[in-house]
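Next comes work-v7.pdb, a file with PDB, C-alpha atoms.
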```
ATOM      1  CA  MET A   1      58.263 116.098  92.282
ATOM      2  CA  LEU A   2      61.295 113.821  92.368
ATOM      3  CA  ASP A   3      60.593 110.506  94.068
ATOM      4  CA  ARG A   4      63.734 110.002  96.116
ATOM      5  CA  SER A   5      62.958 106.327  96.692
ATOM      6  CA  TYR A   6      63.718 105.717  93.021
ATOM      7  CA  TYR A   7      66.378 108.343  92.237
ATOM      8  CA  LYS A   8      68.604 108.863  95.244
ATOM      9  CA  THR A   9      70.863 111.919  95.206
ATOM     10  CA  THR A  10      73.992 112.563  97.264
ATOM     11  CA  ASP A  11      72.421 115.745  98.659
ATOM     12  CA  TRP A  12      69.459 113.783 100.008
ATOM     13  CA  ILE A  13      71.223 110.672 101.306
ATOM     14  CA  PHE A  14      74.041 112.614 103.021
ATOM     15  CA  ARG A  15      71.928 115.626 104.025
ATOM     16  CA  LYS A  16      72.758 115.204 107.738
ATOM     17  CA  ASP A  17      76.488 115.531 107.042
ATOM     18  CA  PRO A  18      76.956 116.871 103.481
ATOM     19  CA  GLY A  19      80.666 117.508 103.930
ATOM     20  CA  PHE A  20      81.316 113.827 104.696
ATOM     21  CA  PRO A  21      79.413 111.628 102.202
ATOM     22  CA  LEU A  22      79.844 108.281 103.943
ATOM     23  CA  ARG A  23      77.188 106.406 105.901
ATOM     24  CA  VAL A  24      75.992 102.904 106.652
ATOM     25  CA  SER A  25      72.404 101.801 107.161
ATOM     26  CA  LYS A  26      70.862  98.484 108.162
ATOM     27  CA  GLN A  27      67.635  97.475 106.465
ATOM     28  CA  LEU A  28      65.419  95.537 108.895
ATOM     29  CA  PRO A  29      64.213  94.028 106.658
ATOM     30  CA  GLN A  30      64.900  95.004 103.057
ATOM     31  CA  GLU A  31      61.668  95.251 101.073
ATOM     32  CA  VAL A  32      60.943  94.483  97.430
ATOM     33  CA  SER A  33      61.940  97.590  95.464
ATOM     34  CA  HIS A  34      61.538  99.068  92.023
ATOM     35  CA  SER A  35      64.646  99.524  89.916
ATOM     36  CA  HIS A  36      66.313 102.710  91.090
ATOM     37  CA  GLU A  37      69.431 104.782  90.419
ATOM     38  CA  HIS A  38      71.636 106.835  92.721
ATOM     39  CA  GLU A  39      74.461 109.365  92.478
ATOM     40  CA  PHE A  40      76.751 107.520  94.895
ATOM     41  CA  CYS A  41      78.331 104.096  95.340
ATOM     42  CA  GLU A  42      76.571 101.388  97.315
ATOM     43  CA  CYS A  43      78.224  98.298  98.764
ATOM     44  CA  ILE A  44      75.646  95.744  99.930
ATOM     45  CA  PHE A  45      76.361  93.102 102.602
ATOM     46  CA  VAL A  46      73.671  90.412 102.959
ATOM     47  CA  ILE A  47      73.397  89.625 106.695
ATOM     48  CA  SER A  48      70.552  87.108 106.747
ATOM     49  CA  GLY A  49      67.523  85.858 104.862
ATOM     50  CA  SER A  50      67.441  85.530 101.102
ATOM     51  CA  GLY A  51      66.182  87.287  98.010
ATOM     52  CA  MET A  52      66.631  88.033  94.322
ATOM     53  CA  HIS A  53      68.743  90.998  93.220
ATOM     54  CA  GLN A  54      68.599  92.499  89.732
ATOM     55  CA  SER A  55      71.362  94.534  88.041
ATOM     56  CA  GLU A  56      70.042  96.842  85.322
ATOM     57  CA  LYS A  57      67.689  94.775  83.112
ATOM     58  CA  ASN A  58      69.569  91.515  83.597
ATOM     59  CA  PRO A  59      67.841  88.455  85.075
ATOM     60  CA  PRO A  60      67.665  88.540  88.912
ATOM     61  CA  VAL A  61      70.233  86.471  90.824
ATOM     62  CA  PRO A  62      69.779  84.873  94.276
ATOM     63  CA  VAL A  63      71.491  86.451  97.303
ATOM     64  CA  ARG A  64      71.983  85.165 100.854
ATOM     65  CA  ARG A  65      74.252  85.656 103.876
ATOM     66  CA  GLY A  66      77.870  86.184 102.911
ATOM     67  CA  ASP A  67      77.130  87.865  99.593
ATOM     68  CA  VAL A  68      78.652  91.269  98.907
ATOM     69  CA  LEU A  69      77.490  93.358  95.941
ATOM     70  CA  PHE A  70      78.783  96.654  94.609
ATOM     71  CA  ILE A  71      76.500  99.118  92.783
ATOM     72  CA  PRO A  72      78.440 101.864  90.936
ATOM     73  CA  ILE A  73      77.416 105.488  90.528
ATOM     74  CA  GLY A  74      74.565 105.626  88.019
ATOM     75  CA  GLY A  75      73.797 101.914  88.227
ATOM     76  CA  HIS A  76      70.182 100.706  88.342
ATOM     77  CA  HIS A  77      69.267  97.805  90.611
ATOM     78  CA  ALA A  78      66.297  96.311  92.420
ATOM     79  CA  TYR A  79      65.199  93.592  94.838
ATOM     80  CA  THR A  80      62.557  91.597  93.009
ATOM     81  CA  GLU A  81      61.944  89.049  95.761
ATOM     82  CA  VAL A  82      62.804  89.001  99.485
ATOM     83  CA  HIS A  83      62.447  86.488 102.332
ATOM     84  CA  ASP A  84      63.351  88.086 105.693
ATOM     85  CA  LEU A  85      66.248  89.774 103.907
ATOM     86  CA  ILE A  86      68.456  91.894 106.175
ATOM     87  CA  ILE A  87      71.318  93.868 104.641
ATOM     88  CA  PHE A  88      73.920  96.493 105.487
ATOM     89  CA  ASN A  89      74.196  99.291 102.921
ATOM     90  CA  LEU A  90      77.581 101.037 102.877
ATOM     91  CA  LEU A  91      76.949 104.284 100.971
ATOM     92  CA  PHE A  92      79.718 106.642  99.898
ATOM     93  CA  TYR A  93      80.719 109.202  97.299
ATOM     94  CA  ALA A  94      84.474 108.769  96.884
ATOM     95  CA  PRO A  95      85.234 112.031  94.987
ATOM     96  CA  ARG A  96      84.154 114.068  98.034
ATOM     97  CA  LEU A  97      85.732 111.905 100.733
ATOM     98  CA  PRO A  98      89.170 112.644 102.202
ATOM     99  CA  SER A  99      91.932 110.824 100.314
ATOM    100  CA  VAL A 100      92.140 107.177 101.315
ATOM    101  CA  LEU A 101      95.365 105.221 101.425
ATOM    102  CA  LEU A 102      97.022 105.190  98.016
ATOM    103  CA  GLU A 103      97.906 101.569  98.690
ATOM    104  CA  LEU A 104      94.335 100.689  97.717
ATOM    105  CA  TYR A 105      94.884 102.055  94.217
ATOM    106  CA  ALA A 106      97.573  99.441  93.607
ATOM    107  CA  SER A 107      95.051  96.675  94.251
ATOM    108  CA  ALA A 108      93.643  94.938  91.179
ATOM    109  CA  ALA A 109      90.425  94.235  93.075
ATOM    110  CA  TYR A 110      89.951  97.910  93.994
ATOM    111  CA  LYS A 111      90.332  98.960  90.365
ATOM    112  CA  GLN A 112      88.106  96.271  88.920
ATOM    113  CA  VAL A 113      85.376  96.376  91.574
ATOM    114  CA  PHE A 114      85.240  99.958  92.845
ATOM    115  CA  LEU A 115      86.673 101.945  89.927
ATOM    116  CA  LYS A 116      85.587  99.981  86.875
ATOM    117  CA  LYS A 117      83.873 102.273  84.399
ATOM    118  CA  PHE A 118      80.122 101.659  84.306
ATOM    119  CA  VAL A 119      78.406 101.739  80.925
ATOM    120  CA  PRO A 120      74.603 102.230  81.089
ATOM    121  CA  GLY A 121      72.814  99.310  79.476
ATOM    122  CA  ASP A 122      75.735  96.946  80.002
ATOM    123  CA  LYS A 123      74.474  93.355  80.105
ATOM    124  CA  GLU A 124      77.055  92.367  82.712
ATOM    125  CA  ASP A 125      75.858  92.045  86.336
ATOM    126  CA  PHE A 126      77.366  94.410  88.872
ATOM    127  CA  PRO A 127      80.334  93.003  90.842
ATOM    128  CA  MET A 128      79.369  90.364  93.391
ATOM    129  CA  THR A 129      81.288  87.915  95.545
ATOM    130  CA  ARG A 130      80.516  85.400  98.293
ATOM    131  CA  LEU A 131      82.734  85.406 101.390
ATOM    132  CA  ASP A 132      83.448  82.613 103.842
ATOM    133  CA  GLU A 133      81.709  82.939 107.227
ATOM    134  CA  LYS A 134      84.855  83.950 109.157
ATOM    135  CA  THR A 135      85.714  86.819 106.790
ATOM    136  CA  PHE A 136      82.110  87.958 106.496
ATOM    137  CA  SER A 137      81.698  88.021 110.294
ATOM    138  CA  GLU A 138      84.804  90.234 110.549
ATOM    139  CA  LEU A 139      83.273  92.715 108.111
ATOM    140  CA  GLU A 140      79.886  92.558 109.855
ATOM    141  CA  THR A 141      81.592  93.575 113.115
ATOM    142  CA  LEU A 142      83.274  96.520 111.404
ATOM    143  CA  LEU A 143      79.970  97.595 109.827
ATOM    144  CA  ASN A 144      78.320  97.615 113.254
ATOM    145  CA  PHE A 145      81.140  99.791 114.612
ATOM    146  CA  LEU A 146      80.785 102.128 111.626
ATOM    147  CA  ALA A 147      77.025 102.433 112.146
ATOM    148  CA  ARG A 148      77.536 103.464 115.800
ATOM    149  CA  SER A 149      80.427 105.904 115.304
ATOM    150  CA  ASP A 150      79.950 109.687 115.306
ATOM    151  CA  SER A 151      83.592 110.527 114.580
ATOM    152  CA  HIS A 152      84.725 111.313 111.034
ATOM    153  CA  CYS A 153      88.176 109.980 111.886
ATOM    154  CA  CYS A 154      86.817 106.653 113.154
ATOM    155  CA  LYS A 155      84.356 106.357 110.281
ATOM    156  CA  MET A 156      87.087 106.907 107.719
ATOM    157  CA  GLY A 157      89.407 104.408 109.403
ATOM    158  CA  ILE A 158      86.723 101.710 109.557
ATOM    159  CA  PHE A 159      85.666 102.432 105.966
ATOM    160  CA  VAL A 160      89.244 101.973 104.704
ATOM    161  CA  ALA A 161      89.568  98.780 106.766
ATOM    162  CA  ILE A 162      86.379  97.369 105.204
ATOM    163  CA  ILE A 163      87.317  98.280 101.630
ATOM    164  CA  GLY A 164      90.902  97.127 102.137
ATOM    165  CA  ARG A 165      89.763  93.761 103.486
ATOM    166  CA  LEU A 166      87.345  93.335 100.589
ATOM    167  CA  CYS A 167      90.190  93.992  98.144
ATOM    168  CA  GLU A 168      92.236  91.247  99.823
ATOM    169  CA  VAL A 169      89.539  88.596  99.449
ATOM    170  CA  TRP A 170      87.717  89.635  96.255
ATOM    171  CA  LYS A 171      88.979  87.288  93.551
ATOM    172  CA  ILE A 172      89.729  88.952  90.216
ATOM    173  CA  PRO A 173      90.434  86.827  87.107
ATOM    174  CA  GLU A 174      94.065  87.173  86.061
ATOM    175  CA  GLU A 175      93.148  88.331  82.561
ATOM    176  CA  GLU A 176      91.162  91.281  83.961
ATOM    177  CA  LYS A 177      94.000  92.722  86.032
ATOM    178  CA  LEU A 178      95.230  96.090  84.778
ATOM    179  CA  PRO A 179      98.887  96.988  84.068
ATOM    180  CA  PRO A 180     100.789  98.745  86.880
ATOM    181  CA  LEU A 181     101.288 102.502  87.078
ATOM    182  CA  ASP A 182     103.686 104.270  89.449
ATOM    183  CA  ILE A 183     100.833 106.248  90.952
ATOM    184  CA  PHE A 184     102.886 107.293  93.973
ATOM    185  CA  LYS A 185     105.523 108.978  91.801
ATOM    186  CA  LEU A 186     102.972 110.689  89.583
ATOM    187  CA  THR A 187     100.682 112.006  92.342
ATOM    188  CA  ALA A 188     103.671 113.172  94.410
ATOM    189  CA  PHE A 189     104.917 115.166  91.421
ATOM    190  CA  MET A 190     101.487 116.741  90.952
ATOM    191  CA  GLN A 191     101.174 117.582  94.648
ATOM    192  CA  GLN A 192     104.557 119.313  94.595
ATOM    193  CA  ASN A 193     104.007 121.183  91.324
ATOM    194  CA  PHE A 194     100.276 121.977  91.118
ATOM    195  CA  GLN A 195     101.028 125.721  91.287
ATOM    196  CA  ARG A 196     102.892 125.458  87.989
ATOM    197  CA  PRO A 197     101.104 125.393  84.601
ATOM    198  CA  LEU A 198     101.434 121.616  84.187
ATOM    199  CA  THR A 199     100.220 119.959  80.985
ATOM    200  CA  MET A 200      99.367 116.407  79.965
ATOM    201  CA  LYS A 201     102.619 116.422  78.018
ATOM    202  CA  ASP A 202     104.541 116.955  81.265
ATOM    203  CA  LEU A 203     102.740 114.080  82.960
ATOM    204  CA  CYS A 204     103.140 111.744  79.985
ATOM    205  CA  ARG A 205     106.861 112.436  79.930
ATOM    206  CA  LEU A 206     107.153 111.618  83.629
ATOM    207  CA  ALA A 207     105.070 108.420  83.327
ATOM    208  CA  ALA A 208     106.726 107.400  80.036
ATOM    209  CA  MET A 209     103.307 106.770  78.522
ATOM    210  CA  SER A 210     101.242 108.125  75.672
ATOM    211  CA  THR A 211      98.329 110.431  76.485
ATOM    212  CA  ALA A 212      95.707 107.741  75.851
ATOM    213  CA  THR A 213      97.564 105.136  77.921
ATOM    214  CA  LEU A 214      98.155 107.485  80.840
ATOM    215  CA  GLN A 215      94.530 108.640  80.783
ATOM    216  CA  ARG A 216      93.320 105.053  80.870
ATOM    217  CA  HIS A 217      95.683 103.869  83.622
ATOM    218  CA  PHE A 218      95.291 106.973  85.794
ATOM    219  CA  ARG A 219      91.495 106.801  85.634
ATOM    220  CA  ALA A 220      91.649 103.097  86.512
ATOM    221  CA  ALA A 221      93.838 103.907  89.524
ATOM    222  CA  LEU A 222      92.133 107.004  90.922
ATOM    223  CA  GLY A 223      88.771 107.127  89.193
ATOM    224  CA  VAL A 224      89.379 110.500  87.493
ATOM    225  CA  PRO A 225      91.601 111.754  84.613
ATOM    226  CA  PRO A 226      95.000 113.213  85.621
ATOM    227  CA  MET A 227      94.034 116.808  84.822
ATOM    228  CA  THR A 228      90.896 116.509  86.964
ATOM    229  CA  TYR A 229      93.035 115.238  89.844
ATOM    230  CA  LEU A 230      95.355 118.233  89.356
ATOM    231  CA  HIS A 231      92.365 120.588  89.213
ATOM    232  CA  ASN A 232      91.047 119.180  92.506
ATOM    233  CA  LEU A 233      94.453 119.624  94.179
ATOM    234  CA  ARG A 234      94.406 123.300  93.240
ATOM    235  CA  LEU A 235      90.881 123.818  94.576
ATOM    236  CA  GLU A 236      91.668 122.038  97.858
ATOM    237  CA  HIS A 237      94.731 124.265  98.326
ATOM    238  CA  ALA A 238      92.654 127.372  97.612
ATOM    239  CA  ALA A 239      90.062 126.281 100.180
ATOM    240  CA  GLU A 240      92.780 125.819 102.814
ATOM    241  CA  LEU A 241      94.218 129.280 102.117
ATOM    242  CA  LEU A 242      90.778 130.869 102.365
ATOM    243  CA  ILE A 243      90.301 129.424 105.841
ATOM    244  CA  ASN A 244      93.805 129.705 107.280
ATOM    245  CA  THR A 245      95.148 132.973 105.811
ATOM    246  CA  GLU A 246      94.087 136.539 105.176
ATOM    247  CA  LEU A 247      95.468 136.595 101.641
ATOM    248  CA  THR A 248      93.429 138.321  98.954
ATOM    249  CA  LEU A 249      91.451 136.255  96.471
ATOM    250  CA  THR A 250      93.871 137.245  93.707
ATOM    251  CA  GLU A 251      96.837 136.017  95.764
ATOM    252  CA  ILE A 252      95.052 132.785  96.629
ATOM    253  CA  ALA A 253      94.154 132.127  92.996
ATOM    254  CA  GLU A 254      97.768 132.631  91.883
ATOM    255  CA  LEU A 255      99.175 130.465  94.698
ATOM    256  CA  SER A 256      96.711 127.710  93.799
ATOM    257  CA  GLY A 257      97.632 127.520  90.121
ATOM    258  CA  PHE A 258      94.887 129.752  88.704
ATOM    259  CA  PRO A 259      96.542 132.655  86.832
ATOM    260  CA  GLN A 260      93.192 134.339  86.138
ATOM    261  CA  MET A 261      90.340 135.136  88.496
ATOM    262  CA  PRO A 262      87.221 134.272  86.401
ATOM    263  CA  PRO A 263      88.208 130.595  85.883
ATOM    264  CA  PHE A 264      89.086 130.360  89.586
ATOM    265  CA  PHE A 265      85.674 131.733  90.651
ATOM    266  CA  ARG A 266      83.782 129.431  88.288
ATOM    267  CA  ALA A 267      85.751 126.326  89.286
ATOM    268  CA  PHE A 268      85.514 127.036  93.014
ATOM    269  CA  LYS A 269      81.768 127.678  92.963
ATOM    270  CA  LYS A 270      81.133 124.569  90.877
ATOM    271  CA  CYS A 271      83.098 122.434  93.347
ATOM    272  CA  TYR A 272      82.021 123.929  96.698
ATOM    273  CA  ARG A 273      78.660 125.412  95.615
ATOM    274  CA  VAL A 274      79.544 128.790  97.120
ATOM    275  CA  THR A 275      81.845 131.621  96.038
ATOM    276  CA  PRO A 276      85.325 131.857  97.581
ATOM    277  CA  LEU A 277      84.231 134.784  99.786
ATOM    278  CA  GLN A 278      81.130 132.928 100.981
ATOM    279  CA  TYR A 279      83.285 129.896 101.758
ATOM    280  CA  ARG A 280      85.698 132.033 103.821
ATOM    281  CA  ARG A 281      82.865 133.676 105.785
ATOM    282  CA  LYS A 282      81.080 130.377 106.387
ATOM    283  CA  LYS A 283      84.168 128.600 107.666
TER     284      LYS A 283
END
```
Representation of the structure as structure tokens:
Amino acid sequence: MLDRSYYKTTDWIFRKDPGFPLRVSKQLPQEVSHSHEHEFCECIFVISGSGMHQSEKNPPVPVRRGDVLFIPIGGHHAYTEVHDLIIFNLLFYAPRLPSVLLELYASAAYKQVFLKKFVPGDKEDFPMTRLDEKTFSELETLLNFLARSDSHCCKMGIFVAIIGRLCEVWKIPEEEKLPPLDIFKLTAFMQQNFQRPLTMKDLCRLAAMSTATLQRHFRAALGVPPMTYLHNLRLEHAAELLINTELTLTEIAELSGFPQMPPFFRAFKKCYRVTPLQYRRKK
């Protein structure tokens, strides 16, 4: 049987609200733990006490109040030593959250901390920064509000405020900053034309970039390749039509950019874990 204390899945961690994979928990106190992996992102805020945190198989590093660490999807980490260590864990799975402000994607810190591609076995420690007491206290207040809120709207607003503030204060070396991409122009074009049979060639022409360059910059900005983003737009539109209209499945597939039914069924079930008809009945 899977030991969920060592391999933590999104289905288990967000089981109380699977449609909104965002939660915060306060460890009172955090205990020594074995190295474990999870399917979601974890942002750790050290509130008090001290300890040793280990990224992958790298040597443990000391942590204390004011430290913020980010563990990417698939990353292994552990607490090898703790002394009255109290932390806030901000847990989220960005691909299934409502779209956050695109302004974040223009931030070098957001790209390098929250969207940087993780390579298993990498000898580099996971991103970590130490904040001044004033800034850290601001974030601690927001985390307490987030922990008490039952509203998706409030949770999302506080989450964006926390991540946005972190991006403002997280220092990124100049040489690591990524080149700009007009993400607003590109995503607006995709949102307006997702019903058409768009290709990478169309997107490259609009962005004035080669396929490899656009793939790299788009993934750095939004965390997924451009065609995956387009695919998700189509599925979201199909889900809305299933709930809000009485159109047939064939009509919905065509209006969502799927010219054939079998690919639409497979893609929808893979994304929402139910068939289109089951989704309509459930909602």
Give as a list in words the residues that the PyMOL selection byres ((chain A and resi 56) around 8) matches when applied to the coordinates above.
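After applying the PyMOL selection byres ((chain A and resi 56) around 8), what remains is Ser35, Gln54, Ser55, Lys57, Asn58, Gly75, His76, His77, Gly121, Asp122, Lys123 and Asp125 of chain A.
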At a cut-off of 6 Å, using all atoms listed in the file, what residues contact Pro225 (chain A)? Leave out same-chain residues fewer than 3 positions from it and give the result as a short mmCIF file (atom, residue, chain, number, x, y, z; two decimals) with C-alpha atoms, in the coordinates of the input.
```
data_model
loop_
_atom_site.label_atom_id
_atom_site.label_comp_id
_atom_site.auth_asym_id
_atom_site.auth_seq_id
_atom_site.Cartn_x
_atom_site.Cartn_y
_atom_site.Cartn_z
CA GLN A 215 94.53 108.64 80.78
CA ARG A 219 91.50 106.80 85.63
CA THR A 228 90.90 116.51 86.96
#
```
Per residue of region 135-243 of chain A within 10 Å of region 4-26 of chain A, record the nearest atom pair and its distance in Å to one decimal, counting all atoms listed in the file, with rows in chain order and ascending residue number, as JSON lines.
```
{"residue": "A:Leu143", "atom": "CA", "partner": "A:Val24", "partner_atom": "CA", "distance": 7.4}
{"residue": "A:Asn144", "atom": "CA", "partner": "A:Val24", "partner_atom": "CA", "distance": 8.8}
{"residue": "A:Phe145", "atom": "CA", "partner": "A:Val24", "partner_atom": "CA", "distance": 10.0}
{"residue": "A:Leu146", "atom": "CA", "partner": "A:Val24", "partner_atom": "CA", "distance": 7.0}
{"residue": "A:Ala147", "atom": "CA", "partner": "A:Val24", "partner_atom": "CA", "distance": 5.6}
{"residue": "A:Arg148", "atom": "CA", "partner": "A:Val24", "partner_atom": "CA", "distance": 9.3}
{"residue": "A:Ser149", "atom": "CA", "partner": "A:Arg23", "partner_atom": "CA", "distance": 10.0}
{"residue": "A:His152", "atom": "CA", "partner": "A:Phe20", "partner_atom": "CA", "distance": 7.6}
{"residue": "A:Lys155", "atom": "CA", "partner": "A:Leu22", "partner_atom": "CA", "distance": 8.0}
{"residue": "A:Met156", "atom": "CA", "partner": "A:Leu22", "partner_atom": "CA", "distance": 8.3}
{"residue": "A:Phe159", "atom": "CA", "partner": "A:Leu22", "partner_atom": "CA", "distance": 8.5}
```
Please compute the CA of Phe92 (chain A)-CA of Pro127 (chain A) distance, one decimal, in Å.
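It comes out at 16.4 Å.
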Which is closest to Phe184 (chain A) among A:Cys204, A:Leu104, A:Met227, A:Met128, if we use all atoms listed in the file?
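Closest candidate: A:Leu104.
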Which value, in Å to one decimal, gives the distance between CA of Leu166 (chain A) and CA of Val32 (chain A)?
26.6 Å
